[in-house]
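Shown below: target33.tsv, with TSV, C-alpha atoms.
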chain	number	residue	atom	x	y	z
A	1	MET	CA	0.00	0.00	0.00
A	2	PRO	CA	1.52	3.35	-0.98
A	3	ASP	CA	2.46	5.71	1.81
A	4	ASN	CA	0.04	8.64	1.87
A	5	PRO	CA	-1.60	10.78	4.56
A	6	LEU	CA	-5.08	9.38	3.89
A	7	ASN	CA	-3.99	5.79	4.44
A	8	ASP	CA	-1.78	6.79	7.37
A	9	THR	CA	-4.80	8.41	9.02
A	10	TRP	CA	-6.96	5.34	8.41
A	11	GLU	CA	-4.28	3.03	9.82
A	12	ILE	CA	-3.92	5.11	13.00
A	13	HIS	CA	-7.68	5.13	13.49
A	14	ASP	CA	-7.85	1.37	12.85
A	15	ARG	CA	-5.08	0.69	15.40
A	16	ILE	CA	-7.01	2.72	17.98
A	17	ASN	CA	-10.04	0.46	17.49
A	18	LEU	CA	-7.81	-2.55	18.13
A	19	TYR	CA	-6.20	-0.82	21.13
A	20	LEU	CA	-9.67	-0.38	22.62
A	21	LEU	CA	-10.73	-3.95	21.83
A	22	ASP	CA	-7.52	-5.32	23.36
A	23	ALA	CA	-8.23	-3.41	26.59
A	24	ILE	CA	-11.68	-4.89	27.06
A	25	GLU	CA	-12.04	-8.10	29.02
A	26	PRO	CA	-13.89	-10.86	27.14
A	27	SER	CA	-16.39	-10.94	30.02
A	28	ALA	CA	-17.40	-7.35	29.12
A	29	LEU	CA	-18.31	-8.14	25.48
A	30	PRO	CA	-21.94	-9.09	26.31
A	31	ASN	CA	-22.49	-5.86	28.29
A	32	GLN	CA	-24.63	-3.02	26.97
A	33	SER	CA	-25.44	0.51	28.03
A	34	ALA	CA	-28.33	1.33	30.34
A	35	SER	CA	-30.33	2.44	27.29
A	36	LYS	CA	-29.90	-1.05	25.77
A	37	GLY	CA	-28.99	-1.35	22.09
A	38	ARG	CA	-25.98	-3.31	20.89
A	39	THR	CA	-23.67	-5.10	23.30
A	40	VAL	CA	-19.99	-4.18	23.40
A	41	GLY	CA	-19.16	-7.14	21.14
A	42	GLU	CA	-21.99	-6.27	18.77
A	43	GLN	CA	-20.62	-2.71	18.51
A	44	PHE	CA	-17.25	-4.05	17.34
A	45	ALA	CA	-18.98	-6.48	14.97
A	46	HIS	CA	-21.03	-3.57	13.61
A	47	LEU	CA	-17.85	-1.64	12.73
A	48	HIS	CA	-16.60	-4.62	10.73
A	49	ASN	CA	-19.97	-5.27	9.09
A	50	VAL	CA	-20.41	-1.66	7.97
A	51	ARG	CA	-16.96	-1.79	6.42
A	52	LEU	CA	-18.09	-4.85	4.47
A	53	MET	CA	-21.21	-3.00	3.34
A	54	TRP	CA	-19.05	-0.23	1.88
A	55	LEU	CA	-16.65	-2.70	0.28
A	56	LYS	CA	-19.58	-4.52	-1.35
A	57	ALA	CA	-20.82	-1.24	-2.82
A	58	ALA	CA	-17.49	0.31	-3.79
A	59	ALA	CA	-15.03	-2.54	-4.43
A	60	PRO	CA	-16.57	-6.02	-4.19
A	61	ASP	CA	-13.28	-7.59	-5.28
A	62	LEU	CA	-11.83	-6.58	-1.90
A	63	LEU	CA	-14.41	-8.71	-0.04
A	64	GLU	CA	-12.59	-11.94	-0.82
A	65	GLY	CA	-12.01	-13.88	2.39
A	66	LEU	CA	-14.10	-11.49	4.49
A	67	SER	CA	-17.40	-12.41	6.07
A	68	LYS	CA	-20.00	-10.73	8.23
A	69	ILE	CA	-19.91	-11.29	11.99
A	70	GLU	CA	-23.27	-12.60	13.05
A	71	LYS	CA	-24.80	-11.51	16.35
A	72	GLU	CA	-24.23	-14.92	17.95
A	73	ASN	CA	-20.46	-14.63	17.31
A	74	ALA	CA	-20.05	-11.08	18.61
A	75	GLU	CA	-18.58	-12.25	21.92
A	76	ASP	CA	-15.64	-14.03	20.26
A	77	LYS	CA	-12.81	-11.58	20.89
A	78	LYS	CA	-10.35	-13.39	18.61
A	79	LEU	CA	-12.87	-13.32	15.75
A	80	LEU	CA	-13.62	-9.64	16.34
A	81	ARG	CA	-9.91	-8.78	16.31
A	82	LYS	CA	-9.08	-10.79	13.18
A	83	SER	CA	-12.14	-9.48	11.36
A	84	LEU	CA	-11.34	-5.85	12.20
A	85	ILE	CA	-7.73	-6.32	11.08
A	86	ASP	CA	-8.82	-7.88	7.79
A	87	SER	CA	-11.59	-5.39	7.01
A	88	GLY	CA	-9.29	-2.54	8.06
A	89	LYS	CA	-6.72	-3.65	5.48
A	90	ALA	CA	-9.41	-3.93	2.82
A	91	ILE	CA	-10.67	-0.40	3.56
A	92	GLY	CA	-7.06	0.81	3.29
A	93	GLU	CA	-6.87	-0.83	-0.14
A	94	LEU	CA	-10.16	0.81	-1.12
A	95	LEU	CA	-8.76	4.21	-0.12
A	96	THR	CA	-5.59	3.57	-2.13
A	97	LYS	CA	-7.56	2.48	-5.21
A	98	SER	CA	-9.83	5.49	-4.85
A	99	LEU	CA	-6.91	7.89	-4.73
A	100	GLU	CA	-5.26	6.23	-7.71
A	101	SER	CA	-8.44	6.54	-9.77
A	102	GLY	CA	-9.18	10.21	-9.23
A	103	GLY	CA	-10.12	10.39	-5.57
A	104	LYS	CA	-13.65	9.02	-5.79
A	105	VAL	CA	-15.25	6.16	-3.84
A	106	LYS	CA	-17.99	4.43	-5.81
A	107	GLY	CA	-21.34	5.08	-4.14
A	108	PHE	CA	-20.07	7.85	-1.85
A	109	LYS	CA	-20.01	11.60	-2.44
A	110	PRO	CA	-18.10	13.81	-2.60
A	111	HIS	CA	-14.63	12.15	-2.47
A	112	ALA	CA	-12.28	9.71	-0.73
A	113	THR	CA	-11.19	12.19	1.92
A	114	ALA	CA	-14.81	12.75	2.97
A	115	PHE	CA	-15.31	8.96	2.94
A	116	LEU	CA	-12.43	8.61	5.38
A	117	GLY	CA	-14.00	11.32	7.55
A	118	TYR	CA	-17.32	9.48	7.44
A	119	LEU	CA	-15.73	6.18	8.49
A	120	ILE	CA	-13.77	7.76	11.33
A	121	SER	CA	-16.85	9.64	12.56
A	122	HIS	CA	-19.01	6.53	12.45
A	123	GLU	CA	-16.52	4.27	14.17
A	124	SER	CA	-15.60	6.87	16.79
A	125	HIS	CA	-19.28	7.27	17.66
A	126	HIS	CA	-19.39	3.54	18.38
A	127	ARG	CA	-16.17	3.71	20.40
A	128	GLY	CA	-17.96	6.20	22.62
A	129	GLN	CA	-20.89	3.83	22.97
A	130	ILE	CA	-18.50	1.02	23.88
A	131	ALA	CA	-16.84	3.17	26.56
A	132	LEU	CA	-20.25	4.10	27.97
A	133	SER	CA	-21.41	0.48	27.98
A	134	VAL	CA	-18.39	-0.79	29.91
A	135	LYS	CA	-18.62	2.12	32.34
A	136	GLN	CA	-22.31	1.56	33.03
A	137	SER	CA	-21.76	-2.15	33.49
A	138	GLY	CA	-19.22	-1.52	36.24
A	139	LYS	CA	-16.08	-2.29	34.20
A	140	PRO	CA	-14.95	1.17	33.05
A	141	LEU	CA	-11.95	1.65	30.81
A	142	ASP	CA	-8.67	2.12	32.61
A	143	LYS	CA	-7.69	5.81	32.50
A	144	LYS	CA	-4.59	4.91	30.48
A	145	ILE	CA	-6.83	3.42	27.78
A	146	ALA	CA	-9.45	6.18	27.96
A	147	TYR	CA	-6.77	8.79	27.33
A	148	GLY	CA	-4.76	6.52	25.03
A	149	ILE	CA	-7.42	6.47	22.33
A	150	TRP	CA	-6.61	10.15	21.79
A	151	GLU	CA	-2.87	9.65	21.38
A	152	TRP	CA	-2.84	9.55	17.60
A	153	GLY	CA	0.84	10.47	17.47
A	154	VAL	CA	1.88	7.20	19.15
A	155	ARG	CA	-0.75	4.75	17.89

How does the structure come out when it is put into structure tokens?
Amino acid sequence: MPDNPLNDTWEIHDRINLYLLDAIEPSALPNQSASKGRTVGEQFAHLHNVRLMWLKAAAPDLLEGLSKIEKENAEDKKLLRKSLIDSGKAIGELLTKSLESGGKVKGFKPHATAFLGYLISHESHHRGQIALSVKQSGKPLDKKIAYGIWEWGVR
């Protein structure tokens, strides 16, 4: 993958998702916020599954070897981690292809940079929901982790 600021930004963001997942005990994956909704594991699965949705629309060739995480598998931390790594690489390839072909992502307007912003916004929203869920379930993130997700210069 060519070295460029767009991909670098995606890779940092993707590593932060993994940093958060790694910090969460497997026993916390079935927890959910007081307002219900997705469990912690389902939030991580949702990130992966939305990536697949975009790959299907914009670059179906990049879906090879990737599969959706079903709700009943959302508590499998190893599966979540591997799936996020694999879909993260595929999104990086989509960004590279998009830049090489004029900066457009098929099915998304206006351009690849905005697409990256969309993905980061969406996934960061869910990171906040994950942090709230673990806090409300009595297993809050360690302060080092809570602050660490903002250390983009070292992730």

Query raised in the report: If we count only C-alpha atoms, what is near Gln129 of chain A at a cut-off of 10 Å, once residues fewer than 2 positions away on the same chain are taken out, given as a PyMOL selection string?
Result: chain A and resi 32-33+37-40+43+123-127+131-135

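Among the candidates A:Leu6, A:Ile149, A:Val154, A:Ile130, the one nearest to Lys36 of chain A when counting all atoms listed in the file is A:Ile130.
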
Report task. Could you tell me how far atom CA of Gln136 of chain A lies from atom CA of Ala28 of chain A, in Å and to one decimal? Result -> 10.9 Å

Query raised in the report: Using all atoms listed in the file, which of A:Ala114, A:Leu80, A:Leu119, A:Leu62 sits nearest Lys97 of chain A?
Result: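 Under the stated criterion, the closest residue is A:Leu62.
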
Report task. Rank nothing, just name the residue among A:Gly103, A:Ser67, A:Arg51, A:Ser137 nearest to Ser35 of chain A, using only C-alpha atoms. Result ->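 Ranking A:Gly103, A:Ser67, A:Arg51, A:Ser137 by distance to Ser35 of chain A, first place goes to A:Ser137.
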
Requested in this report: Just give me the gap between atom CA of Lys77 of chain A and atom CA of Asn49 of chain A in Å, one decimal is fine.
Outcome: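 Pair atom CA of Lys77 of chain A / atom CA of Asn49 of chain A returns 15.2 Å.
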
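When the distance limit is 10 Å and all atoms listed in the file are what count, the residues near Asp86 of chain A, minus those fewer than 3 positions from it on the same chain, are His48, Leu63, Gly65, Leu66, Ser67, Leu80, Arg81, Lys82, Ser83, Lys89, Ala90, Ile91 and Gly92 of chain A.
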
Requested in this report: Compute the distance from (-18.3, 1.4, -0.2) to each atom, counting only C-alpha atoms, keep the residues with any atom at most 10 Å away, and return them as a PyMOL selection string; use the coordinates of the file.
Outcome: chain A and resi 50-60+91+94-95+105-108+115

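Coordinates place atom CA of Lys139 of chain A at a distance of 23.2 Å from atom CA of Asp14 of chain A.
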
Report task. With a distance cut-off of 10 Å and all atoms listed in the file, select the neighbouring residues of Ile16 of chain A, excluding the residue or stretch itself and same-chain residues fewer than 5 positions from it, and output the selection as a PyMOL selection string. Result -> chain A and resi 10-11+21-22+124+127+145+148-152+155
